[in-house]
>>> print(open('query_5.pdb').read())   # PDB, C-alpha atoms
ATOM      1  CA  MET A  16     -41.490 -94.988-139.892
ATOM      2  CA  ILE A  17     -40.423 -98.612-140.216
ATOM      3  CA  ARG A  18     -37.189 -99.939-138.718
ATOM      4  CA  ILE A  19     -36.161-103.541-139.488
ATOM      5  CA  ILE A  20     -32.814-104.918-138.305
ATOM      6  CA  VAL A  21     -31.601-108.525-138.606
ATOM      7  CA  SER A  22     -28.095-108.773-137.182
ATOM      8  CA  PRO A  23     -25.698-110.894-135.098
ATOM      9  CA  GLU A  24     -24.977-107.850-132.904
ATOM     10  CA  PRO A  25     -26.432-107.731-129.359
ATOM     11  CA  ILE A  26     -29.638-105.677-129.170
ATOM     12  CA  ASP A  27     -29.048-102.274-127.547
ATOM     13  CA  LEU A  28     -32.322-101.825-125.658
ATOM     14  CA  ALA A  29     -31.715 -98.221-124.566
ATOM     15  CA  ALA A  30     -30.835 -97.109-128.095
ATOM     16  CA  GLU A  31     -33.848 -98.902-129.599
ATOM     17  CA  MET A  32     -36.226 -97.438-126.989
ATOM     18  CA  GLU A  33     -34.854 -93.985-127.673
ATOM     19  CA  ARG A  34     -35.394 -94.414-131.425
ATOM     20  CA  ALA A  35     -38.939 -95.684-130.860
ATOM     21  CA  GLU A  36     -39.737 -92.748-128.556
ATOM     22  CA  ALA A  37     -38.304 -90.316-131.118
ATOM     23  CA  ALA A  38     -41.548 -90.839-133.086
ATOM     24  CA  GLY A  39     -42.780 -88.130-130.715
ATOM     25  CA  VAL A  40     -46.200 -89.623-129.983
ATOM     26  CA  GLY A  41     -48.030 -90.453-126.762
ATOM     27  CA  ALA A  42     -47.589 -94.227-126.602
ATOM     28  CA  VAL A  43     -44.797 -96.709-127.269
ATOM     29  CA  ALA A  44     -45.462-100.422-126.633
ATOM     30  CA  THR A  45     -42.504-102.800-126.729
ATOM     31  CA  PHE A  46     -41.791-106.511-126.469
ATOM     32  CA  THR A  47     -38.383-107.992-125.654
ATOM     33  CA  GLY A  48     -37.699-111.696-126.142
ATOM     34  CA  ILE A  49     -34.925-113.239-124.016
ATOM     35  CA  VAL A  50     -33.128-116.540-124.630
ATOM     36  CA  ARG A  51     -34.364-119.015-122.009
ATOM     37  CA  ALA A  52     -32.072-121.518-120.287
ATOM     38  CA  ASP A  53     -34.743-124.260-120.726
ATOM     39  CA  ASP A  54     -33.558-127.670-119.545
ATOM     40  CA  GLY A  55     -29.905-126.747-119.545
ATOM     41  CA  VAL A  56     -29.682-124.926-122.882
ATOM     42  CA  GLY A  57     -26.141-123.515-123.064
ATOM     43  CA  GLU A  58     -26.422-121.742-126.411
ATOM     44  CA  LEU A  59     -29.105-120.849-128.925
ATOM     45  CA  GLU A  60     -28.272-120.434-132.598
ATOM     46  CA  LEU A  61     -30.524-118.597-135.021
ATOM     47  CA  GLU A  62     -30.449-119.327-138.735
ATOM     48  CA  HIS A  63     -32.403-117.210-141.222
ATOM     49  CA  TYR A  64     -33.050-116.657-144.933
ATOM     50  CA  PRO A  65     -31.073-113.499-145.734
ATOM     51  CA  GLY A  66     -32.982-110.955-147.779
ATOM     52  CA  VAL A  67     -36.271-112.816-147.476
ATOM     53  CA  THR A  68     -36.302-112.385-143.675
ATOM     54  CA  GLU A  69     -35.966-108.612-143.953
ATOM     55  CA  ARG A  70     -38.668-108.529-146.648
ATOM     56  CA  ALA A  71     -41.055-110.618-144.508
ATOM     57  CA  LEU A  72     -40.514-108.364-141.460
ATOM     58  CA  THR A  73     -40.966-105.213-143.557
ATOM     59  CA  GLY A  74     -44.213-106.687-144.900
ATOM     60  CA  LEU A  75     -45.444-107.311-141.332
ATOM     61  CA  ALA A  76     -44.559-103.765-140.288
ATOM     62  CA  GLN A  77     -46.355-102.374-143.347
ATOM     63  CA  GLU A  78     -49.420-104.438-142.482
ATOM     64  CA  ALA A  79     -49.308-103.084-138.904
ATOM     65  CA  LEU A  80     -49.203 -99.519-140.272
ATOM     66  CA  ARG A  81     -52.255-100.257-142.442
ATOM     67  CA  ARG A  82     -54.250-101.828-139.587
ATOM     68  CA  TRP A  83     -53.469 -99.328-136.828
ATOM     69  CA  SER A  84     -52.742 -95.632-136.766
ATOM     70  CA  LEU A  85     -49.025 -95.865-135.993
ATOM     71  CA  ALA A  86     -46.180 -93.382-136.007
ATOM     72  CA  GLY A  87     -43.596 -96.168-136.082
ATOM     73  CA  ALA A  88     -42.997 -99.918-136.122
ATOM     74  CA  THR A  89     -39.687-101.531-135.157
ATOM     75  CA  VAL A  90     -38.484-105.133-135.356
ATOM     76  CA  VAL A  91     -34.911-105.969-134.337
ATOM     77  CA  HIS A  92     -34.049-109.690-134.490
ATOM     78  CA  ARG A  93     -30.714-111.148-133.540
ATOM     79  CA  VAL A  94     -29.238-114.068-135.533
ATOM     80  CA  GLY A  95     -26.258-116.380-135.030
ATOM     81  CA  PRO A  96     -25.164-117.826-131.677
ATOM     82  CA  MET A  97     -26.397-116.331-128.391
ATOM     83  CA  GLN A  98     -26.407-117.181-124.699
ATOM     84  CA  PRO A  99     -29.302-117.652-122.243
ATOM     85  CA  GLY A 100     -30.291-114.275-120.807
ATOM     86  CA  GLU A 101     -29.417-112.377-123.991
ATOM     87  CA  ARG A 102     -32.049-110.524-126.039
ATOM     88  CA  ILE A 103     -33.152-112.325-129.187
ATOM     89  CA  VAL A 104     -35.888-109.974-130.427
ATOM     90  CA  PHE A 105     -37.190-106.463-129.807
ATOM     91  CA  VAL A 106     -40.488-105.138-131.173
ATOM     92  CA  ALA A 107     -41.885-101.632-130.743
ATOM     93  CA  ALA A 108     -45.017 -99.869-131.948
ATOM     94  CA  ALA A 109     -45.523 -96.124-131.514
ATOM     95  CA  ALA A 110     -48.955 -94.494-131.700
ATOM     96  CA  ALA A 111     -50.912 -91.552-130.341
ATOM     97  CA  HIS A 112     -52.734 -93.772-127.830
ATOM     98  CA  ARG A 113     -52.011 -97.024-125.996
ATOM     99  CA  ALA A 114     -54.603 -99.329-127.600
ATOM    100  CA  ALA A 115     -53.111 -99.079-131.091
ATOM    101  CA  ALA A 116     -49.543 -99.350-129.765
ATOM    102  CA  LEU A 117     -50.269-102.408-127.590
ATOM    103  CA  GLU A 118     -52.283-104.235-130.260
ATOM    104  CA  ALA A 119     -49.771-103.535-133.029
ATOM    105  CA  CYS A 120     -46.895-104.693-130.815
ATOM    106  CA  ALA A 121     -48.707-107.990-130.082
ATOM    107  CA  PHE A 122     -49.544-108.415-133.776
ATOM    108  CA  LEU A 123     -45.902-107.941-134.788
ATOM    109  CA  ILE A 124     -44.456-110.515-132.377
ATOM    110  CA  ASP A 125     -47.288-113.045-132.889
ATOM    111  CA  ARG A 126     -47.009-112.952-136.672
ATOM    112  CA  LEU A 127     -43.203-112.814-136.651
ATOM    113  CA  LYS A 128     -43.253-116.255-135.025
ATOM    114  CA  THR A 129     -45.100-117.830-137.968
ATOM    115  CA  ASP A 130     -44.337-115.575-140.953
ATOM    116  CA  ALA A 131     -40.597-114.830-140.824
ATOM    117  CA  PRO A 132     -37.950-117.384-141.898
ATOM    118  CA  PHE A 133     -35.948-117.942-138.698
ATOM    119  CA  TRP A 134     -34.929-121.312-137.263
ATOM    120  CA  LYS A 135     -33.693-121.940-133.709
ATOM    121  CA  ARG A 136     -31.196-124.610-132.717
ATOM    122  CA  GLU A 137     -30.543-125.303-129.039
ATOM    123  CA  ARG A 138     -27.231-126.620-127.768
ATOM    124  CA  ARG A 139     -26.995-128.618-124.546
ATOM    125  CA  GLY A 140     -23.418-129.682-123.974
ATOM    126  CA  ASP A 141     -22.329-131.475-127.163
ATOM    127  CA  GLU A 142     -25.874-132.061-128.356
ATOM    128  CA  ALA A 143     -27.677-129.717-130.798
ATOM    129  CA  ARG A 144     -31.396-129.897-131.529
ATOM    130  CA  TRP A 145     -33.611-127.898-133.922
ATOM    131  CA  VAL A 146     -36.559-126.364-132.088
ATOM    132  CA  GLU A 147     -40.023-127.532-133.214
ATOM    133  CA  GLN A 148     -42.782-125.051-134.013
ATOM    134  CA  ARG A 149     -45.305-124.723-131.168
ATOM    135  CA  GLU A 150     -49.047-125.170-131.795
ATOM    136  CA  ALA A 151     -49.712-122.240-129.466
ATOM    137  CA  ASP A 152     -47.686-119.943-131.736
ATOM    138  CA  ALA A 153     -49.836-120.804-134.756
ATOM    139  CA  GLY A 154     -52.940-120.098-132.653
ATOM    140  CA  ALA A 155     -51.587-116.753-131.449
ATOM    141  CA  ALA A 156     -50.784-115.689-135.018
ATOM    142  CA  ALA A 157     -54.182-116.828-136.329
ATOM    143  CA  ARG A 158     -56.066-114.421-134.053
ATOM    144  CA  TRP A 159     -54.870-111.583-136.310
ATOM    145  CA  ASP A 160     -56.249-113.185-139.538
TER
ATOM    146  CA  MET B  21     -33.141-122.982-160.888
ATOM    147  CA  ARG B  22     -31.473-122.227-157.576
ATOM    148  CA  LEU B  23     -32.533-124.300-154.580
ATOM    149  CA  VAL B  24     -31.849-123.155-151.036
ATOM    150  CA  TYR B  25     -32.309-125.184-147.856
ATOM    151  CA  PHE B  26     -32.414-124.257-144.180
ATOM    152  CA  ALA B  27     -32.127-125.857-140.722
ATOM    153  CA  TRP B  28     -32.413-129.686-140.656
ATOM    154  CA  VAL B  29     -33.389-129.803-144.328
ATOM    155  CA  ARG B  30     -30.016-128.211-145.137
ATOM    156  CA  GLU B  31     -28.175-130.533-142.742
ATOM    157  CA  ARG B  32     -29.738-133.729-144.097
ATOM    158  CA  ILE B  33     -29.059-132.754-147.725
ATOM    159  CA  GLY B  34     -25.518-131.684-146.834
ATOM    160  CA  THR B  35     -25.587-128.325-148.626
ATOM    161  CA  GLY B  36     -27.436-125.037-148.243
ATOM    162  CA  GLU B  37     -27.696-124.353-151.924
ATOM    163  CA  GLU B  38     -27.638-126.092-155.301
ATOM    164  CA  GLN B  39     -28.360-125.343-158.932
ATOM    165  CA  VAL B  40     -30.691-127.785-160.734
ATOM    166  CA  THR B  41     -32.541-128.161-164.029
ATOM    167  CA  PRO B  42     -35.719-130.047-163.131
ATOM    168  CA  PRO B  43     -37.711-131.954-165.773
ATOM    169  CA  ALA B  44     -40.823-130.318-167.258
ATOM    170  CA  ASP B  45     -43.139-132.545-165.234
ATOM    171  CA  ALA B  46     -41.755-131.128-161.963
ATOM    172  CA  ALA B  47     -44.100-128.158-162.207
ATOM    173  CA  THR B  48     -44.994-127.616-158.531
ATOM    174  CA  VAL B  49     -42.963-127.503-155.311
ATOM    175  CA  ALA B  50     -44.322-130.963-154.370
ATOM    176  CA  GLU B  51     -43.363-132.430-157.752
ATOM    177  CA  LEU B  52     -39.930-130.802-157.490
ATOM    178  CA  ILE B  53     -39.502-132.416-154.044
ATOM    179  CA  ASP B  54     -40.501-135.834-155.486
ATOM    180  CA  TRP B  55     -37.868-135.471-158.200
ATOM    181  CA  LEU B  56     -35.186-134.247-155.750
ATOM    182  CA  ALA B  57     -35.899-137.046-153.254
ATOM    183  CA  ALA B  58     -34.622-139.550-155.837
ATOM    184  CA  ASN B  59     -31.306-137.650-156.148
ATOM    185  CA  SER B  60     -29.505-138.873-153.021
ATOM    186  CA  ALA B  61     -30.025-140.522-149.657
ATOM    187  CA  GLY B  62     -29.663-137.082-148.051
ATOM    188  CA  HIS B  63     -32.440-135.591-150.179
ATOM    189  CA  ALA B  64     -34.647-138.617-149.433
ATOM    190  CA  ALA B  65     -34.048-138.186-145.679
ATOM    191  CA  ALA B  66     -34.698-134.426-145.787
ATOM    192  CA  PHE B  67     -37.943-134.860-147.718
ATOM    193  CA  ALA B  68     -39.291-137.987-145.989
ATOM    194  CA  GLU B  69     -41.933-136.128-143.959
ATOM    195  CA  ARG B  70     -43.795-133.844-146.372
ATOM    196  CA  ASP B  71     -46.064-132.379-143.695
ATOM    197  CA  ARG B  72     -42.977-130.972-141.931
ATOM    198  CA  LEU B  73     -41.798-129.100-145.042
ATOM    199  CA  ARG B  74     -42.505-125.481-145.953
ATOM    200  CA  ALA B  75     -41.440-123.559-149.065
ATOM    201  CA  ALA B  76     -40.841-120.153-150.574
ATOM    202  CA  VAL B  77     -40.720-119.346-154.285
ATOM    203  CA  ASP B  78     -38.688-116.287-155.264
ATOM    204  CA  GLY B  79     -38.779-115.148-151.630
ATOM    205  CA  VAL B  80     -42.535-115.535-151.077
ATOM    206  CA  PHE B  81     -43.957-118.200-148.709
ATOM    207  CA  VAL B  82     -46.139-120.632-150.686
ATOM    208  CA  GLY B  83     -47.925-123.960-150.282
ATOM    209  CA  LEU B  84     -46.316-127.096-151.695
ATOM    210  CA  ASP B  85     -48.869-127.017-154.536
ATOM    211  CA  ALA B  86     -47.441-123.718-155.860
ATOM    212  CA  SER B  87     -45.961-123.576-159.365
ATOM    213  CA  VAL B  88     -42.201-123.508-159.876
ATOM    214  CA  VAL B  89     -42.409-123.006-163.645
ATOM    215  CA  GLY B  90     -40.061-120.224-164.743
ATOM    216  CA  VAL B  91     -39.009-119.239-161.198
ATOM    217  CA  ASP B  92     -35.438-118.378-160.150
ATOM    218  CA  GLU B  93     -35.239-119.613-156.549
ATOM    219  CA  VAL B  94     -37.086-122.227-154.507
ATOM    220  CA  ALA B  95     -36.440-122.522-150.764
ATOM    221  CA  ILE B  96     -37.392-125.649-148.801
ATOM    222  CA  PHE B  97     -37.272-125.626-145.000
ATOM    223  CA  PRO B  98     -38.946-126.771-141.747
ATOM    224  CA  PRO B  99     -41.700-124.736-140.043
ATOM    225  CA  VAL B 100     -40.191-121.463-138.796
ATOM    226  CA  THR B 101     -39.285-120.917-135.127
ATOM    227  CA  GLY B 102     -38.185-117.286-134.711
ATOM    228  CA  GLY B 103     -39.049-114.735-132.052
TER
END
>>> encode(input="query_5.pdb", output="structure tokens")
Amino acid sequence: MIRIIVSPEPIDLAAEMERAEAAGVGAVATFTGIVRADDGVGELELEHYPGVTERALTGLAQEALRRWSLAGATVVHRVGPMQPGERIVFVAAAAAHRAAALEACAFLIDRLKTDAPFWKRERRGDEARWVEQREADAGAAARWD
Amino acid sequence: MRLVYFAWVRERIGTGEEQVTPPADAATVAELIDWLAANSAGHAAAFAERDRLRAAVDGVFVGLDASVVGVDEVAIFPPVTGG
């Protein structure tokens, strides 16, 4: 089962965990991304490409299901304005055993960072700045090629 | 053809979306960008650094050498930064 959500609503961790565990298998690996308060960031704003974002995330989840024996793959990504400390992304992979769940979870978050059309803008006081792509993210994604 | 822009590309151009009829010799994303860059100072500023631009054609990520002949929507944007 694939679950893809792109929404301005806060991510309900307990509800998402419960859904992921409802796959009824032995292992659920999850990743939660939290907005950092780097260098005085007061607000983070996420822009995306509606329709194409959901399609890109569905494609990643489908690829995960082809590469590992999974019972479920979940990607929930928040968009719009959010505060430091709030959840920005939640990824879960459910499988019979931990290796597939852990690897698929890492694959989903690594590739999401390079393959899904999201853009971050940080606000510090009155100043807003678009976040630059990190070299390390491209490297992390490339290990799944 | 519908053009859509995101992040600082959108801000520099001053709109997130526009409808254009490019000339026949603008057959790839790169050639389309060359033609657009001559349209306004905003377009020129948005497209000044080609190596910082990425594109999607009809919702699929492509290189700047991809064809735009007969397509409905071209998106031009900076490298993505989600997650």
>>> resolve_selection(input="query_5.pdb", expression="the PyMOL selection byres ((chain B) within 12 of (chain A))", output="VMD selection string")
chain B and resid 24 to 31 36 to 37 72 to 82 93 to 103
>>> resolve_selection(input="query_5.pdb", expression="the PyMOL selection byres ((chain B and resi 41) around 9)", output="ChimeraX atom specification")
/B:21-22,39-40,42-43
>>> atom_distance(input="query_5.pdb", atom1="atom CA of A:Glu137", atom2="atom CA of A:Ala107")
26.3 Å
>>> atom_distance(input="query_5.pdb", atom1="atom CA of B:Glu38", atom2="atom CA of A:Leu59")
26.9 Å
>>> resolve_selection(input="query_5.pdb", expression="the PyMOL selection byres ((chain A and resi 140) around 12)", output="short mmCIF file (atom, residue, chain, number, x, y, z; two decimals) with C-alpha atoms, in the coordinates of the input")
data_model
loop_
_atom_site.label_atom_id
_atom_site.label_comp_id
_atom_site.auth_asym_id
_atom_site.auth_seq_id
_atom_site.Cartn_x
_atom_site.Cartn_y
_atom_site.Cartn_z
CA ASP A 54 -33.56 -127.67 -119.54
CA GLY A 55 -29.90 -126.75 -119.54
CA VAL A 56 -29.68 -124.93 -122.88
CA GLY A 57 -26.14 -123.52 -123.06
CA GLU A 58 -26.42 -121.74 -126.41
CA LEU A 59 -29.10 -120.85 -128.93
CA GLU A 137 -30.54 -125.30 -129.04
CA ARG A 138 -27.23 -126.62 -127.77
CA ARG A 139 -27.00 -128.62 -124.55
CA ASP A 141 -22.33 -131.48 -127.16
CA GLU A 142 -25.87 -132.06 -128.36
CA ALA A 143 -27.68 -129.72 -130.80
CA ARG A 144 -31.40 -129.90 -131.53
#
>>> atom_distance(input="query_5.pdb", atom1="atom CA of A:Ala111", atom2="atom CA of A:Ala76")
17.0 Å
>>> residues_near_point(input="query_5.pdb", point="(-34.8, -108.3, -141.1)", cutoff="6 Å", atoms="all atoms listed in the file", output="ChimeraX atom specification")
/A:19-21,68-69,72
>>> residues_around(input="query_5.pdb", residues="A:Leu80", least_positions_apart="5", cutoff="9 Å", atoms="all atoms listed in the file", output="PDB file with C-alpha atoms, in the coordinates of the input")
ATOM      1  CA  MET A  16     -41.490 -94.988-139.892  1.00  0.00           C
ATOM      2  CA  ILE A  17     -40.423 -98.612-140.216  1.00  0.00           C
ATOM      3  CA  LEU A  75     -45.444-107.311-141.332  1.00  0.00           C
ATOM      4  CA  LEU A  85     -49.025 -95.865-135.993  1.00  0.00           C
ATOM      5  CA  ALA A  86     -46.180 -93.382-136.007  1.00  0.00           C
ATOM      6  CA  GLY A  87     -43.596 -96.168-136.082  1.00  0.00           C
ATOM      7  CA  ALA A  88     -42.997 -99.918-136.122  1.00  0.00           C
ATOM      8  CA  ALA A 119     -49.771-103.535-133.029  1.00  0.00           C
TER       9      ALA A 119
END
>>> closest_residue(input="query_5.pdb", among="B:Asp85, B:Phe67, B:Arg32, B:Gly90", to="B:Asp54", atoms="only C-alpha atoms")
B:Phe67
>>> axis_aligned_box(input="query_5.pdb", around="stretch 74-85 of chain A", padding_each_side="8 Å", output="JSON")
{"center_x": -49.2, "center_y": -101.5, "center_z": -140.4, "size_x": 26.0, "size_y": 27.7, "size_z": 24.9}
>>> residues_around(input="query_5.pdb", residues="A:Asp160", least_positions_apart="4", cutoff="12 Å", atoms="all atoms listed in the file", output="MDAnalysis selection string")
chainID A and resid 78 82 122 125:126 153:156
>>> write_last_selection(input="query_5.pdb", atoms="C-alpha atoms", output="compact mmCIF listing (two decimals), in the frame of the given file")
# COMPACT_ATOMS: atom_id res chain seq x y z
CA GLU A 78 -49.42 -104.44 -142.48
CA ARG A 82 -54.25 -101.83 -139.59
CA PHE A 122 -49.54 -108.42 -133.78
CA ASP A 125 -47.29 -113.04 -132.89
CA ARG A 126 -47.01 -112.95 -136.67
CA ALA A 153 -49.84 -120.80 -134.76
CA GLY A 154 -52.94 -120.10 -132.65
CA ALA A 155 -51.59 -116.75 -131.45
CA ALA A 156 -50.78 -115.69 -135.02
>>> closest_residue(input="query_5.pdb", among="B:Leu23, B:Ala86, B:Ile33, B:Val91", to="B:Ala58", atoms="all atoms listed in the file")
B:Ile33
>>> residues_around(input="query_5.pdb", residues="B:Ser87", least_positions_apart="4", cutoff="7 Å", atoms="only C-alpha atoms", output="list in words")
Ala47, Thr48 and Val49 of chain B
>>> residues_near_point(input="query_5.pdb", point="(-24.6, -108.3, -127.3)", cutoff="12 Å", atoms="only C-alpha atoms", output="PDB file with C-alpha atoms, in the coordinates of the input")
ATOM      1  CA  SER A  22     -28.095-108.773-137.182  1.00  0.00           C
ATOM      2  CA  PRO A  23     -25.698-110.894-135.098  1.00  0.00           C
ATOM      3  CA  GLU A  24     -24.977-107.850-132.904  1.00  0.00           C
ATOM      4  CA  PRO A  25     -26.432-107.731-129.359  1.00  0.00           C
ATOM      5  CA  ILE A  26     -29.638-105.677-129.170  1.00  0.00           C
ATOM      6  CA  ASP A  27     -29.048-102.274-127.547  1.00  0.00           C
ATOM      7  CA  LEU A  28     -32.322-101.825-125.658  1.00  0.00           C
ATOM      8  CA  ILE A  49     -34.925-113.239-124.016  1.00  0.00           C
ATOM      9  CA  HIS A  92     -34.049-109.690-134.490  1.00  0.00           C
ATOM     10  CA  ARG A  93     -30.714-111.148-133.540  1.00  0.00           C
ATOM     11  CA  VAL A  94     -29.238-114.068-135.533  1.00  0.00           C
ATOM     12  CA  GLY A  95     -26.258-116.380-135.030  1.00  0.00           C
ATOM     13  CA  PRO A  96     -25.164-117.826-131.677  1.00  0.00           C
ATOM     14  CA  MET A  97     -26.397-116.331-128.391  1.00  0.00           C
ATOM     15  CA  GLN A  98     -26.407-117.181-124.699  1.00  0.00           C
ATOM     16  CA  PRO A  99     -29.302-117.652-122.243  1.00  0.00           C
ATOM     17  CA  GLY A 100     -30.291-114.275-120.807  1.00  0.00           C
ATOM     18  CA  GLU A 101     -29.417-112.377-123.991  1.00  0.00           C
ATOM     19  CA  ARG A 102     -32.049-110.524-126.039  1.00  0.00           C
ATOM     20  CA  ILE A 103     -33.152-112.325-129.187  1.00  0.00           C
ATOM     21  CA  VAL A 104     -35.888-109.974-130.427  1.00  0.00           C
TER      22      VAL A 104
END
>>> residues_around(input="query_5.pdb", residues="A:Val40", least_positions_apart="5", cutoff="12 Å", atoms="all atoms listed in the file", output="PyMOL selection string")
chain A and resi 34-35+84-87+108-113+115-116
>>> decode(input="query_5.pdb", residues="stretch 99-122 of chain A", atoms="C-alpha atoms", output="PDB file, in the first residue's frame")
ATOM      1  CA  PRO A  99      11.244  25.540  13.962  1.00  0.00           C
ATOM      2  CA  GLY A 100      10.511  22.341  15.876  1.00  0.00           C
ATOM      3  CA  GLU A 101       7.569  21.381  13.656  1.00  0.00           C
ATOM      4  CA  ARG A 102       7.592  18.236  11.498  1.00  0.00           C
ATOM      5  CA  ILE A 103       8.250  18.855   7.816  1.00  0.00           C
ATOM      6  CA  VAL A 104       8.361  15.275   6.505  1.00  0.00           C
ATOM      7  CA  PHE A 105       7.466  11.756   7.610  1.00  0.00           C
ATOM      8  CA  VAL A 106       8.534   8.603   5.763  1.00  0.00           C
ATOM      9  CA  ALA A 107       7.639   5.023   6.665  1.00  0.00           C
ATOM     10  CA  ALA A 108       8.392   1.643   5.125  1.00  0.00           C
ATOM     11  CA  ALA A 109       6.719  -1.551   6.340  1.00  0.00           C
ATOM     12  CA  ALA A 110       8.149  -5.002   5.626  1.00  0.00           C
ATOM     13  CA  ALA A 111       8.337  -8.489   7.088  1.00  0.00           C
ATOM     14  CA  HIS A 112      11.893  -7.902   8.337  1.00  0.00           C
ATOM     15  CA  ARG A 113      13.977  -4.907   9.408  1.00  0.00           C
ATOM     16  CA  ALA A 114      16.581  -4.824   6.611  1.00  0.00           C
ATOM     17  CA  ALA A 115      14.047  -4.127   3.860  1.00  0.00           C
ATOM     18  CA  ALA A 116      12.152  -1.611   6.014  1.00  0.00           C
ATOM     19  CA  LEU A 117      15.288   0.314   7.045  1.00  0.00           C
ATOM     20  CA  GLU A 118      16.795   0.379   3.546  1.00  0.00           C
ATOM     21  CA  ALA A 119      13.539   1.397   1.862  1.00  0.00           C
ATOM     22  CA  CYS A 120      12.996   4.169   4.419  1.00  0.00           C
ATOM     23  CA  ALA A 121      16.506   5.556   3.751  1.00  0.00           C
ATOM     24  CA  PHE A 122      15.960   5.278  -0.011  1.00  0.00           C
TER      25      PHE A 122
END
